[in-house]
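Listing of coords35.tsv, TSV, C-alpha atoms
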```tsv
chain	number	residue	atom	x	y	z
U	743	MET	CA	0.00	0.00	0.00
U	744	PHE	CA	0.97	3.67	-0.33
U	745	HIS	CA	3.08	2.92	-3.39
U	746	GLN	CA	5.47	0.44	-1.68
U	747	LEU	CA	4.50	-2.23	-4.18
U	748	ALA	CA	4.95	0.19	-7.04
U	749	LEU	CA	8.46	0.91	-5.82
U	750	LEU	CA	9.57	-2.65	-5.23
U	751	ALA	CA	7.87	-4.72	-7.91
U	752	PRO	CA	10.20	-4.02	-10.87
U	753	LEU	CA	13.44	-3.99	-8.88
U	754	LEU	CA	15.48	-5.69	-11.60
U	755	ILE	CA	18.51	-3.44	-11.68
U	756	ARG	CA	20.12	-5.30	-14.60
U	757	GLN	CA	17.37	-3.86	-16.78
U	758	ALA	CA	18.11	-0.34	-15.50
U	759	VAL	CA	14.59	0.87	-16.13
U	760	ALA	CA	12.94	3.45	-13.91
U	761	VAL	CA	11.82	1.75	-10.72
U	762	GLY	CA	8.14	1.75	-9.90
U	763	THR	CA	5.15	3.12	-11.73
U	764	ALA	CA	4.27	6.77	-12.15
U	765	PHE	CA	1.17	7.70	-10.18
U	766	GLY	CA	-1.03	10.72	-9.66
U	767	TYR	CA	-1.26	13.08	-12.59
U	768	ALA	CA	1.83	11.46	-14.17
U	769	THR	CA	0.08	8.08	-14.51
U	770	GLY	CA	1.09	6.53	-17.83
U	771	THR	CA	4.56	8.10	-18.00
U	772	THR	CA	7.16	5.61	-19.26
U	773	GLY	CA	10.19	7.76	-20.10
U	774	GLY	CA	12.64	5.96	-22.36
U	775	GLY	CA	10.60	2.80	-22.00
U	776	SER	CA	12.34	-0.35	-23.21
U	777	ALA	CA	15.31	1.42	-24.80
U	778	ALA	CA	18.63	-0.20	-23.99
U	779	ALA	CA	20.19	1.38	-20.92
U	780	ALA	CA	23.48	3.21	-21.44
U	781	THR	CA	25.88	5.16	-19.24
U	782	PRO	CA	27.50	8.32	-20.65
U	783	THR	CA	31.25	8.66	-20.32
U	784	SER	CA	31.53	12.44	-20.70
U	785	ASN	CA	29.61	15.64	-20.10
U	786	ALA	CA	29.26	16.13	-23.85
U	787	GLN	CA	27.77	12.68	-24.31
U	788	LEU	CA	25.29	13.23	-21.47
U	789	VAL	CA	24.19	16.55	-22.97
U	790	SER	CA	23.83	14.99	-26.42
U	791	TRP	CA	21.81	12.01	-25.23
U	792	LEU	CA	19.47	14.07	-23.08
U	793	GLY	CA	18.79	16.58	-25.82
U	794	ASP	CA	18.36	14.40	-28.89
U	795	SER	CA	15.13	12.96	-30.30
U	796	THR	CA	15.93	9.31	-29.56
U	797	ALA	CA	14.12	7.42	-26.81
U	798	ARG	CA	16.76	6.67	-24.18
U	799	VAL	CA	17.35	5.19	-20.75
U	800	ILE	CA	20.39	7.05	-19.40
U	801	VAL	CA	22.02	5.65	-16.27
U	802	LEU	CA	24.38	7.80	-14.21
U	803	THR	CA	26.85	6.07	-11.93
U	804	THR	CA	28.76	9.14	-10.74
U	805	MET	CA	28.44	12.91	-10.41
U	806	PHE	CA	28.84	14.90	-13.64
U	807	ASP	CA	30.41	18.31	-13.02
U	808	PHE	CA	29.15	21.22	-15.12
U	809	THR	CA	30.49	24.00	-12.95
U	810	GLY	CA	31.89	25.86	-15.94
U	811	THR	CA	34.13	28.89	-15.86
U	812	ALA	CA	34.14	31.69	-13.33
U	813	THR	CA	32.41	34.83	-14.59
U	814	SER	CA	32.74	38.22	-12.91
U	815	ALA	CA	30.07	40.88	-13.20
U	816	THR	CA	28.30	43.64	-11.30
U	817	GLY	CA	25.32	42.42	-9.30
U	818	CYS	CA	23.52	43.76	-6.26
U	819	LYS	CA	22.82	43.10	-2.59
U	820	PRO	CA	19.03	43.13	-2.21
U	821	TRP	CA	18.98	41.92	1.41
U	822	THR	CA	20.99	43.13	4.36
U	823	CYS	CA	20.42	40.48	7.03
U	824	SER	CA	23.44	38.86	8.63
U	825	PRO	CA	25.29	36.64	8.06
U	826	ASN	CA	25.55	35.63	4.39
U	827	PRO	CA	22.46	36.86	2.55
U	828	GLN	CA	22.31	35.90	-1.08
U	829	LEU	CA	23.56	38.45	-3.56
U	830	ALA	CA	21.87	38.78	-6.95
U	831	ILE	CA	23.12	38.27	-10.46
U	832	ASP	CA	21.80	41.14	-12.59
U	833	LYS	CA	19.91	38.83	-14.95
U	834	ASP	CA	17.76	40.77	-17.40
U	835	SER	CA	18.53	43.97	-15.43
U	836	TRP	CA	16.75	42.56	-12.38
U	837	CYS	CA	18.70	44.75	-9.97
U	838	GLU	CA	17.75	47.95	-11.78
U	839	ASN	CA	14.12	46.97	-12.34
U	840	TYR	CA	13.24	45.37	-9.00
U	841	GLU	CA	15.89	46.43	-6.49
U	842	PRO	CA	17.02	49.87	-7.68
U	843	SER	CA	18.02	50.96	-4.19
U	844	ALA	CA	20.14	47.87	-3.49
U	845	ALA	CA	23.88	48.36	-3.14
U	846	LYS	CA	25.94	47.24	-6.11
U	847	ALA	CA	28.32	44.32	-5.62
U	848	THR	CA	31.03	42.65	-7.67
U	849	ILE	CA	30.15	38.98	-8.00
U	850	THR	CA	31.86	35.93	-9.43
U	851	TYR	CA	29.62	33.04	-10.41
U	852	ASN	CA	29.94	29.79	-12.29
U	853	SER	CA	28.69	30.10	-15.85
U	854	GLY	CA	27.47	26.51	-15.96
U	855	GLY	CA	24.57	27.31	-13.68
U	856	MET	CA	23.14	29.72	-16.25
U	857	ALA	CA	23.17	27.09	-19.01
U	858	PRO	CA	20.94	24.16	-17.99
U	859	ILE	CA	20.93	20.91	-19.94
U	860	ASN	CA	18.04	20.56	-22.37
U	861	VAL	CA	16.01	17.38	-21.98
U	862	GLY	CA	14.06	15.98	-24.92
U	863	SER	CA	11.00	13.73	-24.99
U	864	ASN	CA	11.00	10.01	-24.19
U	865	LYS	CA	13.89	10.02	-21.75
U	866	THR	CA	14.61	8.22	-18.50
U	867	LEU	CA	17.45	9.73	-16.48
U	868	LEU	CA	18.25	7.29	-13.70
U	869	GLY	CA	20.94	7.38	-11.04
U	870	LYS	CA	22.50	4.23	-9.66
U	871	GLY	CA	23.08	4.03	-5.92
U	872	SER	CA	23.23	7.19	-3.85
U	873	SER	CA	26.13	9.10	-5.43
U	874	ALA	CA	25.04	9.86	-8.97
U	875	GLY	CA	23.81	13.10	-10.46
U	876	ILE	CA	24.75	16.54	-11.71
U	877	THR	CA	26.61	19.38	-10.04
U	878	GLY	CA	26.93	22.94	-11.27
U	879	THR	CA	23.93	23.08	-13.57
U	880	GLY	CA	20.33	21.92	-13.83
U	881	LEU	CA	17.89	20.40	-16.30
U	882	TYR	CA	15.50	22.24	-18.61
U	883	LEU	CA	12.38	20.74	-20.20
U	884	SER	CA	10.39	22.75	-22.74
U	885	GLY	CA	7.37	21.41	-24.58
U	886	VAL	CA	8.41	17.80	-24.02
U	887	GLU	CA	6.53	14.68	-23.04
U	888	ASN	CA	7.22	11.35	-21.40
U	889	VAL	CA	10.23	12.10	-19.19
U	890	ILE	CA	11.35	10.38	-15.98
U	891	ILE	CA	14.03	11.86	-13.70
U	892	GLN	CA	14.77	9.46	-10.88
U	893	ASN	CA	17.35	8.87	-8.16
U	894	ILE	CA	19.80	11.65	-8.99
U	895	ARG	CA	21.27	14.49	-6.98
U	896	ILE	CA	21.29	18.02	-8.38
U	897	THR	CA	23.49	20.36	-6.38
U	898	ASN	CA	25.83	23.33	-6.19
U	899	ILE	CA	24.27	25.71	-8.70
U	900	ASN	CA	25.61	29.09	-7.56
U	901	PRO	CA	23.91	28.84	-4.15
U	902	GLU	CA	25.17	32.25	-3.07
U	903	TYR	CA	23.40	34.08	-5.91
U	904	VAL	CA	19.77	34.74	-6.77
U	905	TRP	CA	19.31	33.96	-10.48
U	906	GLY	CA	22.21	31.53	-10.22
U	907	GLY	CA	20.17	28.79	-11.90
U	908	ASP	CA	17.30	26.37	-11.26
U	909	ALA	CA	17.71	22.68	-10.53
U	910	ILE	CA	14.80	21.67	-12.79
U	911	GLY	CA	12.93	24.09	-15.03
U	912	ILE	CA	9.86	23.07	-17.06
U	913	ASP	CA	8.09	25.35	-19.52
U	914	GLY	CA	5.28	23.38	-21.07
U	915	GLY	CA	5.16	19.61	-21.18
U	916	GLN	CA	3.22	16.54	-20.19
U	917	TYR	CA	3.75	13.10	-18.68
U	918	ILE	CA	6.71	14.01	-16.49
U	919	TRP	CA	7.71	12.09	-13.36
U	920	ILE	CA	10.32	13.58	-11.01
U	921	ASP	CA	10.92	10.95	-8.35
U	922	HIS	CA	13.34	9.98	-5.58
U	923	ASN	CA	15.84	12.79	-6.21
U	924	TYR	CA	17.89	14.92	-3.80
U	925	ILE	CA	18.18	18.64	-4.48
U	926	ASP	CA	20.26	21.09	-2.45
U	927	HIS	CA	22.51	24.17	-2.67
U	928	ILE	CA	20.67	25.89	-5.52
U	929	GLY	CA	20.81	29.61	-6.27
U	930	ARG	CA	17.27	29.91	-7.53
U	931	GLN	CA	14.36	27.45	-7.64
U	932	PHE	CA	14.58	23.75	-6.87
U	933	ILE	CA	11.78	23.18	-9.41
U	934	ALA	CA	10.11	25.88	-11.50
U	935	THR	CA	7.42	25.77	-14.14
U	936	GLY	CA	7.23	28.57	-16.69
U	937	TYR	CA	4.10	29.99	-18.29
U	938	GLY	CA	3.43	26.99	-20.54
U	939	ALA	CA	1.09	24.31	-19.16
U	940	VAL	CA	2.83	21.45	-17.33
U	941	THR	CA	0.27	18.66	-17.21
U	942	HIS	CA	0.18	14.98	-16.22
U	943	THR	CA	3.16	15.58	-13.93
U	944	THR	CA	4.07	14.12	-10.54
U	945	ILE	CA	6.82	15.28	-8.17
U	946	SER	CA	7.27	12.52	-5.60
U	947	ASN	CA	9.59	11.01	-3.00
U	948	ASN	CA	12.18	13.78	-3.36
U	949	VAL	CA	14.30	15.41	-0.67
U	950	PHE	CA	14.35	19.21	-0.91
U	951	ASN	CA	17.10	20.18	1.50
U	952	GLY	CA	17.15	23.94	1.95
U	953	GLN	CA	19.92	24.12	4.54
U	954	SER	CA	22.62	26.41	3.22
U	955	THR	CA	25.46	28.73	4.13
U	956	TYR	CA	23.56	31.43	2.24
U	957	SER	CA	20.13	32.74	3.13
U	958	SER	CA	17.56	33.42	0.44
U	959	VAL	CA	15.09	35.24	2.63
U	960	PRO	CA	13.24	38.14	1.01
U	961	LEU	CA	11.10	38.48	4.13
U	962	CYS	CA	13.95	38.28	6.63
U	963	ALA	CA	14.43	40.88	9.32
U	964	ALA	CA	17.77	41.35	11.04
U	965	THR	CA	19.03	37.78	11.02
U	966	CYS	CA	19.55	35.44	8.09
U	967	ASN	CA	18.18	31.96	8.73
U	968	SER	CA	20.46	29.88	6.48
U	969	CYS	CA	17.59	28.33	4.57
U	970	GLN	CA	16.23	28.22	1.04
U	971	TYR	CA	13.32	30.46	0.13
U	972	TRP	CA	13.18	29.52	-3.57
U	973	VAL	CA	11.83	25.95	-3.44
U	974	LEU	CA	9.03	25.25	-5.93
U	975	ILE	CA	7.16	27.75	-8.09
U	976	LEU	CA	4.30	26.42	-10.23
U	977	THR	CA	2.93	29.13	-12.50
U	978	GLY	CA	2.04	27.55	-15.84
U	979	ASN	CA	-1.32	28.25	-17.43
U	980	GLY	CA	-3.03	24.92	-16.84
U	981	ASP	CA	-0.45	23.23	-14.64
U	982	GLN	CA	-1.75	19.88	-13.41
U	983	ILE	CA	0.66	18.45	-10.85
U	984	THR	CA	0.72	15.90	-8.05
U	985	LEU	CA	3.13	16.75	-5.21
U	986	ALA	CA	3.39	13.73	-2.93
U	987	LEU	CA	5.62	11.98	-0.40
U	988	ASN	CA	8.37	14.62	-0.50
U	989	TYR	CA	10.62	15.76	2.34
U	990	PHE	CA	10.90	19.56	2.66
U	991	TYR	CA	13.65	20.43	5.12
U	992	TYR	CA	14.95	23.78	6.33
U	993	THR	CA	13.17	26.00	3.82
U	994	SER	CA	11.48	29.35	4.28
U	995	GLY	CA	9.01	29.75	1.42
U	996	ARG	CA	7.49	28.53	-1.83
U	997	GLY	CA	6.72	25.00	-0.77
U	998	PRO	CA	5.16	25.42	-3.33
U	999	HIS	CA	4.19	28.87	-4.61
U	1000	VAL	CA	1.27	28.30	-6.97
U	1001	GLY	CA	-0.13	30.76	-9.49
U	1002	GLY	CA	0.31	34.50	-9.56
U	1003	THR	CA	-0.69	35.47	-13.10
U	1004	SER	CA	-4.18	36.82	-13.75
U	1005	GLY	CA	-6.10	34.62	-16.18
U	1006	TYR	CA	-3.95	31.54	-15.55
U	1007	THR	CA	-5.10	28.55	-13.51
U	1008	GLN	CA	-3.36	25.60	-11.86
U	1009	LYS	CA	-4.55	22.32	-10.33
U	1010	ILE	CA	-2.16	21.04	-7.64
U	1011	HIS	CA	-2.78	18.02	-5.40
U	1012	ILE	CA	-0.42	18.09	-2.41
U	1013	TYR	CA	-0.44	15.06	-0.15
U	1014	ASN	CA	1.65	13.08	2.33
U	1015	ASN	CA	4.57	15.51	2.29
U	1016	TYR	CA	6.72	16.01	5.38
U	1017	TYR	CA	7.59	19.63	6.12
U	1018	VAL	CA	10.25	20.10	8.81
U	1019	THR	CA	11.78	23.33	10.13
U	1020	VAL	CA	10.21	25.74	7.68
U	1021	LEU	CA	11.17	29.16	8.99
U	1022	GLY	CA	8.62	31.04	6.93
U	1023	HIS	CA	5.75	29.69	4.86
U	1024	ALA	CA	5.15	26.40	3.09
U	1025	ILE	CA	2.17	26.40	0.70
U	1026	ASP	CA	1.54	29.72	-1.06
U	1027	PRO	CA	-1.65	29.83	-3.21
U	1028	GLU	CA	-1.84	32.97	-5.32
U	1029	VAL	CA	-4.23	34.15	-8.03
U	1030	GLY	CA	-5.37	31.29	-10.26
U	1031	ALA	CA	-4.26	28.56	-7.88
U	1032	ASN	CA	-6.45	25.59	-7.04
U	1033	VAL	CA	-4.75	23.58	-4.30
U	1034	VAL	CA	-5.97	20.57	-2.34
U	1035	ALA	CA	-3.52	19.65	0.43
U	1036	GLU	CA	-4.28	16.60	2.56
U	1037	GLY	CA	-2.49	14.17	4.82
U	1038	ASN	CA	0.62	16.33	5.09
U	1039	TYR	CA	2.63	16.65	8.29
U	1040	PHE	CA	3.88	20.12	9.25
U	1041	ASN	CA	6.59	19.93	11.91
U	1042	ALA	CA	7.96	23.27	13.15
U	1043	VAL	CA	6.50	25.25	10.25
U	1044	THR	CA	5.94	28.92	11.01
U	1045	THR	CA	3.15	29.39	8.45
U	1046	PRO	CA	1.93	26.14	6.88
U	1047	VAL	CA	-0.33	27.92	4.38
U	1048	LEU	CA	0.20	31.54	3.43
U	1049	ALA	CA	-2.96	33.60	3.17
U	1050	GLY	CA	-3.26	34.34	-0.54
U	1051	VAL	CA	-5.90	35.06	-3.11
U	1052	GLY	CA	-5.79	31.58	-4.60
U	1053	ALA	CA	-8.19	28.76	-3.73
U	1054	ALA	CA	-6.89	26.20	-1.24
U	1055	TYR	CA	-8.59	23.41	0.68
U	1056	VAL	CA	-6.39	22.24	3.56
U	1057	PRO	CA	-8.50	20.18	6.00
U	1058	THR	CA	-7.58	20.47	9.66
U	1059	THR	CA	-10.65	18.80	11.19
U	1060	ALA	CA	-12.54	15.56	10.66
U	1061	ALA	CA	-15.55	17.55	9.48
U	1062	GLN	CA	-13.52	19.32	6.80
U	1063	ALA	CA	-12.01	16.01	5.70
U	1064	SER	CA	-15.45	14.43	5.44
U	1065	ALA	CA	-16.74	17.34	3.37
U	1066	CYS	CA	-14.40	16.31	0.55
U	1067	SER	CA	-16.73	13.41	-0.24
U	1068	SER	CA	-19.26	15.75	-1.80
U	1069	TYR	CA	-16.68	16.93	-4.34
U	1070	ILE	CA	-14.07	14.24	-5.02
U	1071	GLY	CA	-16.04	11.15	-4.02
U	1072	ARG	CA	-14.01	10.29	-0.92
U	1073	ALA	CA	-13.02	11.80	2.38
U	1074	CYS	CA	-9.75	13.70	2.52
U	1075	GLN	CA	-7.06	12.98	5.08
U	1076	VAL	CA	-6.65	15.59	7.81
U	1077	ASN	CA	-3.32	17.42	7.87
U	1078	ALA	CA	-1.23	17.21	11.04
U	1079	PHE	CA	0.68	19.98	12.81
U	1080	SER	CA	3.38	20.02	15.47
U	1081	SER	CA	4.86	23.29	16.78
U	1082	SER	CA	3.41	24.99	13.71
U	1083	GLY	CA	1.14	27.90	12.90
U	1084	THR	CA	-2.60	27.65	12.43
U	1085	VAL	CA	-4.33	27.13	9.11
U	1086	SER	CA	-7.57	28.52	7.74
U	1087	ALA	CA	-7.92	27.40	4.15
U	1088	ALA	CA	-11.22	25.74	3.24
U	1089	SER	CA	-12.13	26.95	-0.24
U	1090	THR	CA	-14.46	24.38	-1.75
U	1091	SER	CA	-13.82	25.87	-5.18
U	1092	ALA	CA	-10.43	24.16	-5.03
U	1093	LEU	CA	-12.18	20.83	-4.44
U	1094	GLN	CA	-14.48	21.51	-7.39
U	1095	ALA	CA	-11.49	22.24	-9.63
U	1096	LEU	CA	-9.71	19.01	-8.64
U	1097	ASP	CA	-12.75	16.77	-9.09
U	1098	ASP	CA	-11.04	14.16	-11.29
U	1099	SER	CA	-10.03	10.51	-11.12
U	1100	TYR	CA	-6.39	11.28	-10.30
U	1101	VAL	CA	-7.40	12.98	-7.07
U	1102	SER	CA	-10.39	10.85	-6.17
U	1103	GLY	CA	-8.37	7.67	-6.74
U	1104	ALA	CA	-5.27	8.74	-4.84
U	1105	SER	CA	-4.07	6.45	-2.05
U	1106	VAL	CA	-3.43	8.92	0.76
U	1107	MET	CA	-2.10	7.70	4.11
U	1108	ALA	CA	-2.95	9.26	7.44
U	1109	ALA	CA	-0.75	12.22	8.31
U	1110	SER	CA	0.42	10.48	11.48
U	1111	ALA	CA	2.32	7.95	9.34
U	1112	VAL	CA	3.94	10.48	7.02
U	1113	GLY	CA	7.05	11.43	9.00
U	1114	ALA	CA	8.36	7.91	9.39
U	1115	TYR	CA	7.39	6.87	5.87
U	1116	VAL	CA	8.93	9.84	4.07
U	1117	GLN	CA	12.16	9.76	6.08
U	1118	ALA	CA	12.56	6.08	5.26
U	1119	ASN	CA	11.65	6.26	1.57
U	1120	ALA	CA	12.39	9.68	0.07
U	1121	GLY	CA	15.62	10.57	-1.68
U	1122	LEU	CA	18.56	8.66	-3.09
U	1123	GLY	CA	19.51	5.01	-2.93
U	1124	LYS	CA	16.01	3.76	-2.21
U	1125	VAL	CA	15.04	2.46	-5.63
U	1126	ASN	CA	18.20	1.68	-7.60
```

Take the structure in the file and give it back as structure tokens.
Amino acid sequence: MFHQLALLAPLLIRQAVAVGTAFGYATGTTGGGSAAAATPTSNAQLVSWLGDSTARVIVLTTMFDFTGTATSATGCKPWTCSPNPQLAIDKDSWCENYEPSAAKATITYNSGGMAPINVGSNKTLLGKGSSAGITGTGLYLSGVENVIIQNIRITNINPEYVWGGDAIGIDGGQYIWIDHNYIDHIGRQFIATGYGAVTHTTISNNVFNGQSTYSSVPLCAATCNSCQYWVLILTGNGDQITLALNYFYYTSGRGPHVGGTSGYTQKIHIYNNYYVTVLGHAIDPEVGANVVAEGNYFNAVTTPVLAGVGAAYVPTTAAQASACSSYIGRACQVNAFSSSGTVSAASTSALQALDDSYVSGASVMAASAVGAYVQANAGLGKVN
């Protein structure tokens, strides 16, 4: 139950196929399918294989370093907390347009972080063991379909700089499964969707570790909190995403941020995630957002759900959980809270928007079981 069978059933590592079966909105995703598994021997080969039009199963057995060359430029210092606030790369004149009063600063960043690797359709990118992945740059998916990213680490993308690069960026696409990965030390977003619709997508069993030397805290006061603010931002027009069984640790915002553009809408089902030491807010529903969050465990989360203009249904009582039956055909699971802020988010319009078989048929465990389950199953080395 709760996807254990899906994780364990195909555990035939010799075949090197993605382990388990995509669930939630990503149901039906097969990635590279039955293509012969192959391991790249160079950065250039990895880039070529990921970006071409051939169905592939790409197995990483080590870390691939795309740090690139050091680039010096004039940036700015938008935050003044202490110690170690992030500085900002002046991408698209961001400093002048959004932080005109910020002090200028000379910065040196790694160019690789600004040049993510393009990923084509029909790809499985699979790490072996717990020490495989990419450092110094991220992945970019645009208008693709049928992609699986599983059991890799993405790390060290200019963590000291805003606009230093995203770990995974998606601008339009469908049938995408991002599963059992470990993401940390990222300058910008861990996962970001652009304005194009990202549909039939599931983000599951990942570790989002926001603990960092550098603080990305736009809302900070006098003291930096050494945690990641830029976690997940889901803004595509028509995004349809399942966010389940993930471990959010030491973050301060955008867990996820949903919506924000007038006229755009998103459908996001958030369940059985474990939020620990969030020194700010977790879920942030803005204009256009339709969020149903159930069976999550919030442990030491200052603001579990930010008051926004988007629609969110986050049941905190048995009565609210039972009320789901009138909309999605089953009761929701109550969310659990420990040393966390209060929640008031019961917009039934979110339930109406997510009235589909992916949500009604989801296997959602009780929040009381989430902490132990996620800590034991999320991240690297669990499936391959």

At what distance in Å, to one decimal, does atom CA of U:Asn1014 lie from atom CA of U:Ala934?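 It comes out at 20.7 Å.
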
Compile the contact shell of stretch 1023-1039 of chain U as an MDAnalysis selection string: residues with an atom at most 8 Å away, counting all atoms listed in the file, same-chain residues fewer than 4 positions apart removed. chainID U and resid 994:1017 1043:1057 1074:1080 1091:1093 1095:1096 1106:1110 1112:1113

I'd like the contact shell of stretch 854-871 of chain U - 6 Å cut-off, all atoms listed in the file, skipping same-chain residues fewer than 2 positions apart - returned as a ChimeraX atom specification. /U:773-774,792-793,797-803,808-810,852,873-874,878-883,886-894,899,906-907,1123,1126

Atom CA of U:Ala1088 to atom CA of U:Thr941, straight-line distance in Å: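 About the pair atom CA of U:Thr941 and atom CA of U:Ala1088: they are 24.5 Å apart.
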
Please indicate the distance in Å from atom CA of U:Glu838 to atom CA of U:Asn900, rounded to one decimal place.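 These atoms are spaced 20.9 Å apart.
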
At a cut-off of 7 Å around the point (24.7, 31.0, 3.9) (file coordinates), what residues fall inside when counting only C-alpha atoms? I'd like the answer as a list in words. Asn826, Pro827, Ser954, Thr955, Tyr956, Ser957 and Ser968 of chain U

Take the residues just selected and output them with C-alpha atoms as a CSV table (one decimal), in the frame of the given file.
```csv
chain,number,residue,atom,x,y,z
U,826,ASN,CA,25.6,35.6,4.4
U,827,PRO,CA,22.5,36.9,2.6
U,954,SER,CA,22.6,26.4,3.2
U,955,THR,CA,25.5,28.7,4.1
U,956,TYR,CA,23.6,31.4,2.2
U,957,SER,CA,20.1,32.7,3.1
U,968,SER,CA,20.5,29.9,6.5
```

Nearest residue to U:Asn898 from the set U:Gly911, U:Gly875, U:Gly980, U:Gly929 (distances using all atoms listed in the file):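 Distance minimum relative to U:Asn898 lands on U:Gly929.
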